[in-house]
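Heads up, start.tsv below (TSV, N, CA and C atoms):
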```
chain	number	residue	atom	x	y	z
A	1	GLN	N	-4.09	-9.09	18.08
A	1	GLN	CA	-4.69	-8.09	17.20
A	1	GLN	C	-3.73	-7.82	16.05
A	2	VAL	N	-4.28	-7.76	14.86
A	2	VAL	CA	-3.47	-7.53	13.67
A	2	VAL	C	-2.97	-6.09	13.65
A	3	GLN	N	-1.69	-5.94	13.39
A	3	GLN	CA	-1.11	-4.60	13.25
A	3	GLN	C	-0.39	-4.49	11.92
A	4	LEU	N	-0.59	-3.37	11.27
A	4	LEU	CA	0.10	-3.06	10.03
A	4	LEU	C	0.81	-1.72	10.23
A	5	VAL	N	2.08	-1.69	9.98
A	5	VAL	CA	2.87	-0.48	10.22
A	5	VAL	C	3.54	-0.06	8.93
A	6	GLU	N	3.12	1.11	8.44
A	6	GLU	CA	3.70	1.64	7.21
A	6	GLU	C	4.93	2.50	7.53
A	7	SER	N	5.83	2.55	6.58
A	7	SER	CA	7.00	3.41	6.70
A	7	SER	C	7.49	3.80	5.32
A	8	GLY	N	8.33	4.82	5.26
A	8	GLY	CA	8.93	5.21	3.99
A	8	GLY	C	8.35	6.47	3.39
A	9	GLY	N	7.35	7.05	4.03
A	9	GLY	CA	6.78	8.29	3.50
A	9	GLY	C	7.63	9.49	3.82
A	10	GLY	N	7.19	10.64	3.35
A	10	GLY	CA	7.91	11.88	3.60
A	10	GLY	C	7.80	12.81	2.41
A	11	LEU	N	8.74	13.74	2.33
A	11	LEU	CA	8.77	14.70	1.24
A	11	LEU	C	9.68	14.18	0.14
A	12	VAL	N	9.15	14.11	-1.07
A	12	VAL	CA	9.89	13.58	-2.21
A	12	VAL	C	9.78	14.57	-3.36
A	13	GLN	N	10.87	14.73	-4.09
A	13	GLN	CA	10.86	15.63	-5.23
A	13	GLN	C	10.26	14.92	-6.45
A	14	ALA	N	9.50	15.64	-7.23
A	14	ALA	CA	8.91	15.06	-8.44
A	14	ALA	C	10.01	14.46	-9.31
A	15	GLY	N	9.71	13.28	-9.82
A	15	GLY	CA	10.67	12.56	-10.63
A	15	GLY	C	11.56	11.63	-9.84
A	16	GLY	N	11.49	11.74	-8.52
A	16	GLY	CA	12.31	10.89	-7.66
A	16	GLY	C	11.68	9.55	-7.41
A	17	SER	N	12.37	8.74	-6.62
A	17	SER	CA	11.91	7.39	-6.30
A	17	SER	C	11.25	7.35	-4.93
A	18	LEU	N	10.38	6.38	-4.77
A	18	LEU	CA	9.66	6.21	-3.51
A	18	LEU	C	9.50	4.72	-3.26
A	19	ARG	N	9.74	4.33	-2.02
A	19	ARG	CA	9.49	2.96	-1.63
A	19	ARG	C	8.84	2.95	-0.26
A	20	LEU	N	7.64	2.45	-0.21
A	20	LEU	CA	6.91	2.33	1.04
A	20	LEU	C	6.95	0.88	1.51
A	21	SER	N	6.98	0.71	2.81
A	21	SER	CA	6.97	-0.64	3.39
A	21	SER	C	5.79	-0.77	4.35
A	22	CYS	N	5.28	-1.97	4.46
A	22	CYS	CA	4.21	-2.26	5.41
A	22	CYS	C	4.56	-3.56	6.11
A	23	ALA	N	4.85	-3.48	7.39
A	23	ALA	CA	5.15	-4.66	8.18
A	23	ALA	C	3.87	-5.17	8.82
A	24	VAL	N	3.57	-6.44	8.58
A	24	VAL	CA	2.35	-7.06	9.10
A	24	VAL	C	2.72	-7.92	10.31
A	25	SER	N	1.90	-7.82	11.36
A	25	SER	CA	2.24	-8.51	12.61
A	25	SER	C	1.99	-10.01	12.55
A	26	GLU	N	1.29	-10.48	11.51
A	26	GLU	CA	1.03	-11.90	11.37
A	26	GLU	C	1.54	-12.40	10.02
A	27	ASN	N	1.53	-13.69	9.87
A	27	ASN	CA	1.91	-14.30	8.61
A	27	ASN	C	0.97	-13.79	7.51
A	28	ILE	N	1.53	-13.21	6.46
A	28	ILE	CA	0.66	-12.62	5.43
A	28	ILE	C	-0.14	-13.68	4.68
A	29	PHE	N	0.24	-14.93	4.81
A	29	PHE	CA	-0.54	-16.00	4.19
A	29	PHE	C	-1.84	-16.26	4.96
A	30	ASN	N	-2.00	-15.60	6.10
A	30	ASN	CA	-3.26	-15.70	6.83
A	30	ASN	C	-4.36	-14.85	6.20
A	31	PHE	N	-3.98	-14.00	5.25
A	31	PHE	CA	-4.92	-13.04	4.67
A	31	PHE	C	-5.21	-13.36	3.22
A	32	ASN	N	-6.41	-12.99	2.79
A	32	ASN	CA	-6.77	-13.16	1.39
A	32	ASN	C	-5.97	-12.20	0.51
A	33	SER	N	-5.68	-11.03	1.04
A	33	SER	CA	-4.89	-10.06	0.30
A	33	SER	C	-4.29	-9.03	1.25
A	34	VAL	N	-3.19	-8.46	0.84
A	34	VAL	CA	-2.55	-7.35	1.55
A	34	VAL	C	-2.14	-6.35	0.49
A	35	GLY	N	-2.40	-5.07	0.75
A	35	GLY	CA	-2.06	-4.12	-0.28
A	35	GLY	C	-2.10	-2.67	0.17
A	36	TRP	N	-2.22	-1.80	-0.81
A	36	TRP	CA	-2.08	-0.37	-0.59
A	36	TRP	C	-3.25	0.42	-1.15
A	37	TYR	N	-3.64	1.44	-0.37
A	37	TYR	CA	-4.63	2.41	-0.79
A	37	TYR	C	-4.04	3.80	-0.59
A	38	ALA	N	-4.54	4.75	-1.34
A	38	ALA	CA	-4.06	6.13	-1.22
A	38	ALA	C	-5.25	7.08	-1.10
A	39	GLN	N	-5.09	8.07	-0.23
A	39	GLN	CA	-6.12	9.10	-0.09
A	39	GLN	C	-5.47	10.45	-0.31
A	40	ALA	N	-5.74	11.01	-1.48
A	40	ALA	CA	-5.21	12.33	-1.81
A	40	ALA	C	-6.08	13.39	-1.16
A	41	PRO	N	-5.55	14.58	-0.97
A	41	PRO	CA	-6.31	15.67	-0.33
A	41	PRO	C	-7.62	15.91	-1.07
A	42	GLY	N	-8.73	15.91	-0.32
A	42	GLY	CA	-10.03	16.18	-0.91
A	42	GLY	C	-10.63	15.02	-1.68
A	43	HIS	N	-10.00	13.87	-1.64
A	43	HIS	CA	-10.49	12.71	-2.38
A	43	HIS	C	-10.75	11.54	-1.44
A	44	GLN	N	-11.51	10.59	-1.95
A	44	GLN	CA	-11.74	9.37	-1.18
A	44	GLN	C	-10.54	8.44	-1.31
A	45	ARG	N	-10.49	7.52	-0.39
A	45	ARG	CA	-9.42	6.53	-0.44
A	45	ARG	C	-9.59	5.65	-1.68
A	46	GLU	N	-8.47	5.43	-2.38
A	46	GLU	CA	-8.51	4.66	-3.63
A	46	GLU	C	-7.52	3.50	-3.58
A	47	LEU	N	-7.84	2.48	-4.30
A	47	LEU	CA	-6.95	1.34	-4.41
A	47	LEU	C	-5.73	1.70	-5.26
A	48	VAL	N	-4.56	1.35	-4.75
A	48	VAL	CA	-3.34	1.45	-5.55
A	48	VAL	C	-2.99	0.06	-6.06
A	49	ALA	N	-2.84	-0.89	-5.13
A	49	ALA	CA	-2.51	-2.27	-5.54
A	49	ALA	C	-2.75	-3.21	-4.37
A	50	ILE	N	-3.22	-4.40	-4.67
A	50	ILE	CA	-3.31	-5.44	-3.66
A	50	ILE	C	-2.63	-6.70	-4.18
A	51	ILE	N	-1.99	-7.39	-3.25
A	51	ILE	CA	-1.34	-8.66	-3.58
A	51	ILE	C	-2.21	-9.76	-2.99
A	52	ASN	N	-2.70	-10.62	-3.87
A	52	ASN	CA	-3.56	-11.69	-3.43
A	52	ASN	C	-2.76	-12.84	-2.81
A	53	LEU	N	-3.46	-13.70	-2.11
A	53	LEU	CA	-2.79	-14.83	-1.45
A	53	LEU	C	-1.93	-15.62	-2.43
A	54	SER	N	-2.43	-15.77	-3.66
A	54	SER	CA	-1.71	-16.54	-4.68
A	54	SER	C	-0.45	-15.85	-5.18
A	55	GLY	N	-0.37	-14.56	-4.89
A	55	GLY	CA	0.77	-13.79	-5.39
A	55	GLY	C	0.43	-12.90	-6.56
A	56	THR	N	-0.75	-13.07	-7.12
A	56	THR	CA	-1.16	-12.19	-8.21
A	56	THR	C	-1.41	-10.78	-7.65
A	57	ILE	N	-1.26	-9.80	-8.50
A	57	ILE	CA	-1.39	-8.41	-8.07
A	57	ILE	C	-2.47	-7.72	-8.89
A	58	ASP	N	-3.35	-7.04	-8.21
A	58	ASP	CA	-4.38	-6.23	-8.86
A	58	ASP	C	-4.05	-4.76	-8.62
A	59	TYR	N	-3.99	-3.98	-9.69
A	59	TYR	CA	-3.72	-2.57	-9.59
A	59	TYR	C	-4.99	-1.76	-9.79
A	60	GLY	N	-5.11	-0.69	-9.01
A	60	GLY	CA	-6.22	0.23	-9.17
A	60	GLY	C	-5.85	1.33	-10.13
A	61	GLU	N	-6.72	2.33	-10.22
A	61	GLU	CA	-6.48	3.42	-11.14
A	61	GLU	C	-5.51	4.46	-10.61
A	62	PHE	N	-5.35	4.53	-9.31
A	62	PHE	CA	-4.45	5.52	-8.71
A	62	PHE	C	-3.01	5.18	-9.08
A	63	GLY	N	-2.39	6.08	-9.83
A	63	GLY	CA	-1.01	5.89	-10.21
A	63	GLY	C	-0.76	4.67	-11.07
A	64	LYS	N	-1.81	4.21	-11.77
A	64	LYS	CA	-1.68	3.00	-12.55
A	64	LYS	C	-0.56	3.10	-13.58
A	65	GLY	N	0.23	2.06	-13.64
A	65	GLY	CA	1.34	2.02	-14.57
A	65	GLY	C	2.65	2.55	-14.00
A	66	ARG	N	2.56	3.21	-12.85
A	66	ARG	CA	3.80	3.78	-12.28
A	66	ARG	C	4.19	3.15	-10.96
A	67	PHE	N	3.28	2.47	-10.32
A	67	PHE	CA	3.58	1.84	-9.04
A	67	PHE	C	3.72	0.33	-9.21
A	68	THR	N	4.64	-0.23	-8.42
A	68	THR	CA	4.84	-1.68	-8.40
A	68	THR	C	4.71	-2.16	-6.96
A	69	ALA	N	3.85	-3.13	-6.77
A	69	ALA	CA	3.69	-3.73	-5.45
A	69	ALA	C	4.45	-5.05	-5.40
A	70	SER	N	4.98	-5.36	-4.24
A	70	SER	CA	5.70	-6.63	-4.07
A	70	SER	C	5.59	-7.05	-2.61
A	71	ARG	N	6.04	-8.25	-2.33
A	71	ARG	CA	5.99	-8.72	-0.95
A	71	ARG	C	7.21	-9.57	-0.64
A	72	ASP	N	7.56	-9.61	0.61
A	72	ASP	CA	8.62	-10.49	1.11
A	72	ASP	C	7.94	-11.37	2.15
A	73	THR	N	7.61	-12.58	1.79
A	73	THR	CA	6.85	-13.44	2.68
A	73	THR	C	7.64	-13.85	3.91
A	74	ALA	N	8.96	-13.90	3.80
A	74	ALA	CA	9.79	-14.24	4.95
A	74	ALA	C	9.76	-13.15	6.02
A	75	LYS	N	9.54	-11.92	5.56
A	75	LYS	CA	9.52	-10.78	6.49
A	75	LYS	C	8.10	-10.32	6.80
A	76	ASN	N	7.10	-10.95	6.18
A	76	ASN	CA	5.71	-10.52	6.33
A	76	ASN	C	5.57	-9.02	6.05
A	77	THR	N	6.16	-8.62	4.96
A	77	THR	CA	6.21	-7.21	4.59
A	77	THR	C	5.81	-7.05	3.13
A	78	VAL	N	5.03	-6.02	2.87
A	78	VAL	CA	4.69	-5.68	1.49
A	78	VAL	C	5.25	-4.31	1.17
A	79	TYR	N	5.50	-4.08	-0.11
A	79	TYR	CA	6.15	-2.86	-0.55
A	79	TYR	C	5.35	-2.21	-1.68
A	80	LEU	N	5.54	-0.91	-1.79
A	80	LEU	CA	4.99	-0.17	-2.92
A	80	LEU	C	6.09	0.75	-3.42
A	81	GLN	N	6.39	0.68	-4.68
A	81	GLN	CA	7.54	1.39	-5.21
A	81	GLN	C	7.21	2.07	-6.51
A	82	THR	N	7.81	3.23	-6.71
A	82	THR	CA	7.76	3.91	-8.00
A	82	THR	C	9.09	4.59	-8.23
A	83	ASN	N	9.50	4.69	-9.47
A	83	ASN	CA	10.76	5.34	-9.82
A	83	ASN	C	10.55	6.74	-10.35
A	84	SER	N	9.32	7.18	-10.38
A	84	SER	CA	9.04	8.52	-10.90
A	84	SER	C	7.76	9.07	-10.27
A	85	VAL	N	7.91	9.69	-9.11
A	85	VAL	CA	6.73	10.23	-8.45
A	85	VAL	C	6.30	11.53	-9.13
A	86	LYS	N	5.02	11.80	-9.02
A	86	LYS	CA	4.45	13.03	-9.57
A	86	LYS	C	3.73	13.79	-8.46
A	87	PRO	N	3.54	15.09	-8.61
A	87	PRO	CA	2.83	15.85	-7.57
A	87	PRO	C	1.46	15.26	-7.24
A	88	GLU	N	0.79	14.67	-8.22
A	88	GLU	CA	-0.54	14.09	-7.96
A	88	GLU	C	-0.47	12.81	-7.14
A	89	ASP	N	0.71	12.33	-6.86
A	89	ASP	CA	0.87	11.17	-5.98
A	89	ASP	C	0.83	11.58	-4.51
A	90	THR	N	0.80	12.87	-4.25
A	90	THR	CA	0.69	13.36	-2.88
A	90	THR	C	-0.57	12.80	-2.24
A	91	ALA	N	-0.38	12.08	-1.14
A	91	ALA	CA	-1.51	11.39	-0.50
A	91	ALA	C	-1.04	10.75	0.79
A	92	VAL	N	-2.00	10.30	1.57
A	92	VAL	CA	-1.69	9.40	2.68
A	92	VAL	C	-1.86	7.98	2.14
A	93	TYR	N	-0.84	7.18	2.31
A	93	TYR	CA	-0.86	5.82	1.80
A	93	TYR	C	-1.12	4.87	2.97
A	94	PHE	N	-2.13	4.04	2.79
A	94	PHE	CA	-2.53	3.10	3.82
A	94	PHE	C	-2.26	1.67	3.37
A	95	CYS	N	-1.81	0.87	4.29
A	95	CYS	CA	-1.67	-0.55	4.09
A	95	CYS	C	-2.94	-1.22	4.61
A	96	ALA	N	-3.42	-2.24	3.91
A	96	ALA	CA	-4.63	-2.93	4.33
A	96	ALA	C	-4.47	-4.43	4.12
A	97	ALA	N	-5.01	-5.18	5.06
A	97	ALA	CA	-5.01	-6.64	4.95
A	97	ALA	C	-6.44	-7.14	5.11
A	98	GLN	N	-6.82	-8.05	4.24
A	98	GLN	CA	-8.20	-8.53	4.28
A	98	GLN	C	-8.24	-10.04	4.47
A	99	ILE	N	-9.14	-10.47	5.36
A	99	ILE	CA	-9.43	-11.88	5.52
A	99	ILE	C	-10.94	-12.03	5.58
A	100	LEU	N	-11.46	-12.80	4.66
A	100	LEU	CA	-12.91	-12.96	4.48
A	100	LEU	C	-13.51	-11.56	4.32
A	101	ARG	N	-14.40	-11.13	5.20
A	101	ARG	CA	-15.04	-9.83	5.03
A	101	ARG	C	-14.45	-8.78	5.95
A	102	ARG	N	-13.40	-9.14	6.64
A	102	ARG	CA	-12.81	-8.18	7.58
A	102	ARG	C	-11.54	-7.58	7.01
A	103	GLN	N	-11.43	-6.27	7.15
A	103	GLN	CA	-10.26	-5.56	6.63
A	103	GLN	C	-9.57	-4.82	7.76
A	104	TYR	N	-8.26	-4.96	7.81
A	104	TYR	CA	-7.44	-4.28	8.81
A	104	TYR	C	-6.65	-3.19	8.12
A	105	TRP	N	-6.48	-2.08	8.83
A	105	TRP	CA	-5.79	-0.93	8.25
A	105	TRP	C	-4.62	-0.49	9.11
A	106	GLY	N	-3.59	0.01	8.43
A	106	GLY	CA	-2.52	0.68	9.13
A	106	GLY	C	-2.90	2.13	9.39
A	107	GLN	N	-2.01	2.84	10.06
A	107	GLN	CA	-2.27	4.25	10.40
A	107	GLN	C	-2.04	5.17	9.20
A	108	GLY	N	-1.32	4.70	8.23
A	108	GLY	CA	-1.05	5.51	7.05
A	108	GLY	C	0.28	6.24	7.15
A	109	THR	N	0.84	6.52	6.00
A	109	THR	CA	2.08	7.29	5.93
A	109	THR	C	1.90	8.39	4.87
A	110	GLN	N	2.26	9.60	5.24
A	110	GLN	CA	2.07	10.74	4.34
A	110	GLN	C	3.20	10.82	3.33
A	111	VAL	N	2.83	10.99	2.08
A	111	VAL	CA	3.79	11.23	1.01
A	111	VAL	C	3.44	12.57	0.38
A	112	THR	N	4.41	13.47	0.36
A	112	THR	CA	4.21	14.77	-0.26
A	112	THR	C	5.24	14.93	-1.36
A	113	VAL	N	4.76	15.18	-2.57
A	113	VAL	CA	5.65	15.31	-3.72
A	113	VAL	C	5.73	16.78	-4.11
A	114	SER	N	6.94	17.30	-4.09
A	114	SER	CA	7.14	18.70	-4.45
A	114	SER	C	7.50	18.80	-5.93
A	115	SER	N	7.00	19.84	-6.57
A	115	SER	CA	7.25	20.02	-8.02
A	115	SER	C	8.47	20.89	-8.25
```

For the structure just supplied, provide its representation as C-alpha cells.
Amino acid sequence: QVQLVESGGGLVQAGGSLRLSCAVSENIFNFNSVGWYAQAPGHQRELVAIINLSGTIDYGEFGKGRFTASRDTAKNTVYLQTNSVKPEDTAVYFCAAQILRRQYWGQGTQVTVSS
C-alpha cells in the first residue's frame, strides 16, 4: 500500500522560511505526479504544486510565486519550500501521488503562520 508521510509543519513566524517534506513509500517514478495541496481554514483543498513524471512542475494559485517544489528521486521524497511565509499560508498541507486515475494522500501536516 502506498504511503506518503509529510513532515516539517508547525508554527512559523510571518516572513520566515518553511520547508515541508513528503516521503513516498514507493519509487516516485511509479507515479504520474507527486505534489502538494493546501487546505486553509474554511476553504477547499487547493493545488500548490505538482511535479510531473518528466520533472516539470505545475503550480496552482495557492501561494503562487512564493512556493518552490522539488524532488529528490534517490530518496523518493518531494519538498515544498518558501522563504517568506505569510499568515494566509496557514493551512494543512497534504502530499498527493497520482497514478492513472488513482490518487493517494498523506495525512497532512499543519502549518500555522503567526503575524

Given all atoms listed in the file as the basis, pick out the residue of A:Leu100, A:Val24, A:Val113, A:Leu18 nearest to A:Val2.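 The answer is A:Val24, which sits nearest to A:Val2.
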
Go through A:Gln39, A:Asn27, A:Asn83, A:Gln107 one by one, measure the shortest atom-to-atom distance of each to A:Thr68 using only N, CA and C atoms, and give the residue with the smallest value. A:Asn83

Just give me the gap between atom N of A:Ser84 and atom CA of A:Ile57 in Å, one decimal is fine.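 Atom N of A:Ser84 sits 19.1 Å away from atom CA of A:Ile57.
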
Test item: axis-aligned box, all listed atoms of stretch 10-20 of chain A, 6 Å on each side, centre and edges in Å rounded to one decimal, as JSON:
```
{"center_x": 9.6, "center_y": 8.3, "center_z": -3.5, "size_x": 17.5, "size_y": 26.8, "size_z": 26.2}
```

Measuring between all atoms listed in the file, which one of A:Cys95, A:Asn32, A:Tyr104, A:Phe67 shows the shortest distance to A:Thr82?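 The answer is A:Phe67, which sits nearest to A:Thr82.
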
Rounded to one decimal place, report the atom C of A:Ile50-atom N of A:Arg102 distance in Å.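 Atom-to-atom, atom C of A:Ile50 and atom N of A:Arg102 are spaced 15.5 Å apart.
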
Tell me which of A:Gln1, A:Gln13, A:Ser21, A:Asn30 sits closest to A:Gln98, counting all atoms listed in the file. A:Asn30

One-decimal distance in Å that lies between atom CA of A:Ser7 and atom C of A:Leu20: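 Between atom C of A:Leu20 and atom CA of A:Ser7 the gap works out to 5.8 Å.
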
Name all residues at most 6.5 Å from A:Ala14 (count only N, CA and C atoms; drop same-chain ones fewer than 5 positions away) and give them as JSON, numbers by chain. {"A": [84, 85, 86, 87, 113, 114, 115]}

Would you list, as number ranges by chain, the residues of chain A that end up in strand (DSSP E or B) under DSSP run on this structure's backbone? A: 4-7, 10-13, 18-24, 33-39, 46-52, 57-59, 68-72, 77-82, 91-99, 102-105, 109-114

Considering only N, CA and C atoms, can you say which of A:Ser25, A:Thr112, A:Thr90, A:Ser17 comes closest to A:Asn76? A:Ser25

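Among the candidate residues A:Gly35, A:Val48, A:Val92, A:Val12, the one lying nearest to A:Gly63 is A:Val48, with distances computed using all atoms listed in the file.
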
A:Glu61 environment, 9 Å, only C-alpha atoms, sequence neighbours closer than 2 positions dropped, as a PyMOL selection string: chain A and resi 46-49+59+63-65

Save out the residues we just selected, N, CA and C atoms, as an mmCIF file, in the frame of the given file.
```cif
data_model
loop_
_atom_site.group_PDB
_atom_site.id
_atom_site.type_symbol
_atom_site.label_atom_id
_atom_site.label_comp_id
_atom_site.auth_asym_id
_atom_site.auth_seq_id
_atom_site.Cartn_x
_atom_site.Cartn_y
_atom_site.Cartn_z
ATOM 1 N N GLU A 46 -8.470 5.430 -2.380
ATOM 2 C CA GLU A 46 -8.510 4.660 -3.630
ATOM 3 C C GLU A 46 -7.520 3.500 -3.580
ATOM 4 N N LEU A 47 -7.840 2.480 -4.300
ATOM 5 C CA LEU A 47 -6.950 1.340 -4.410
ATOM 6 C C LEU A 47 -5.730 1.700 -5.260
ATOM 7 N N VAL A 48 -4.560 1.350 -4.750
ATOM 8 C CA VAL A 48 -3.340 1.450 -5.550
ATOM 9 C C VAL A 48 -2.990 0.060 -6.060
ATOM 10 N N ALA A 49 -2.840 -0.890 -5.130
ATOM 11 C CA ALA A 49 -2.510 -2.270 -5.540
ATOM 12 C C ALA A 49 -2.750 -3.210 -4.370
ATOM 13 N N TYR A 59 -3.990 -3.980 -9.690
ATOM 14 C CA TYR A 59 -3.720 -2.570 -9.590
ATOM 15 C C TYR A 59 -4.990 -1.760 -9.790
ATOM 16 N N GLY A 63 -2.390 6.080 -9.830
ATOM 17 C CA GLY A 63 -1.010 5.890 -10.210
ATOM 18 C C GLY A 63 -0.760 4.670 -11.070
ATOM 19 N N LYS A 64 -1.810 4.210 -11.770
ATOM 20 C CA LYS A 64 -1.680 3.000 -12.550
ATOM 21 C C LYS A 64 -0.560 3.100 -13.580
ATOM 22 N N GLY A 65 0.230 2.060 -13.640
ATOM 23 C CA GLY A 65 1.340 2.020 -14.570
ATOM 24 C C GLY A 65 2.650 2.550 -14.000
#
```

According to DSSP computed on the backbone, where in chain A is there helix (DSSP H, G or I)? Give the residues as a ChimeraX atom specification. /A:28-30,87-89
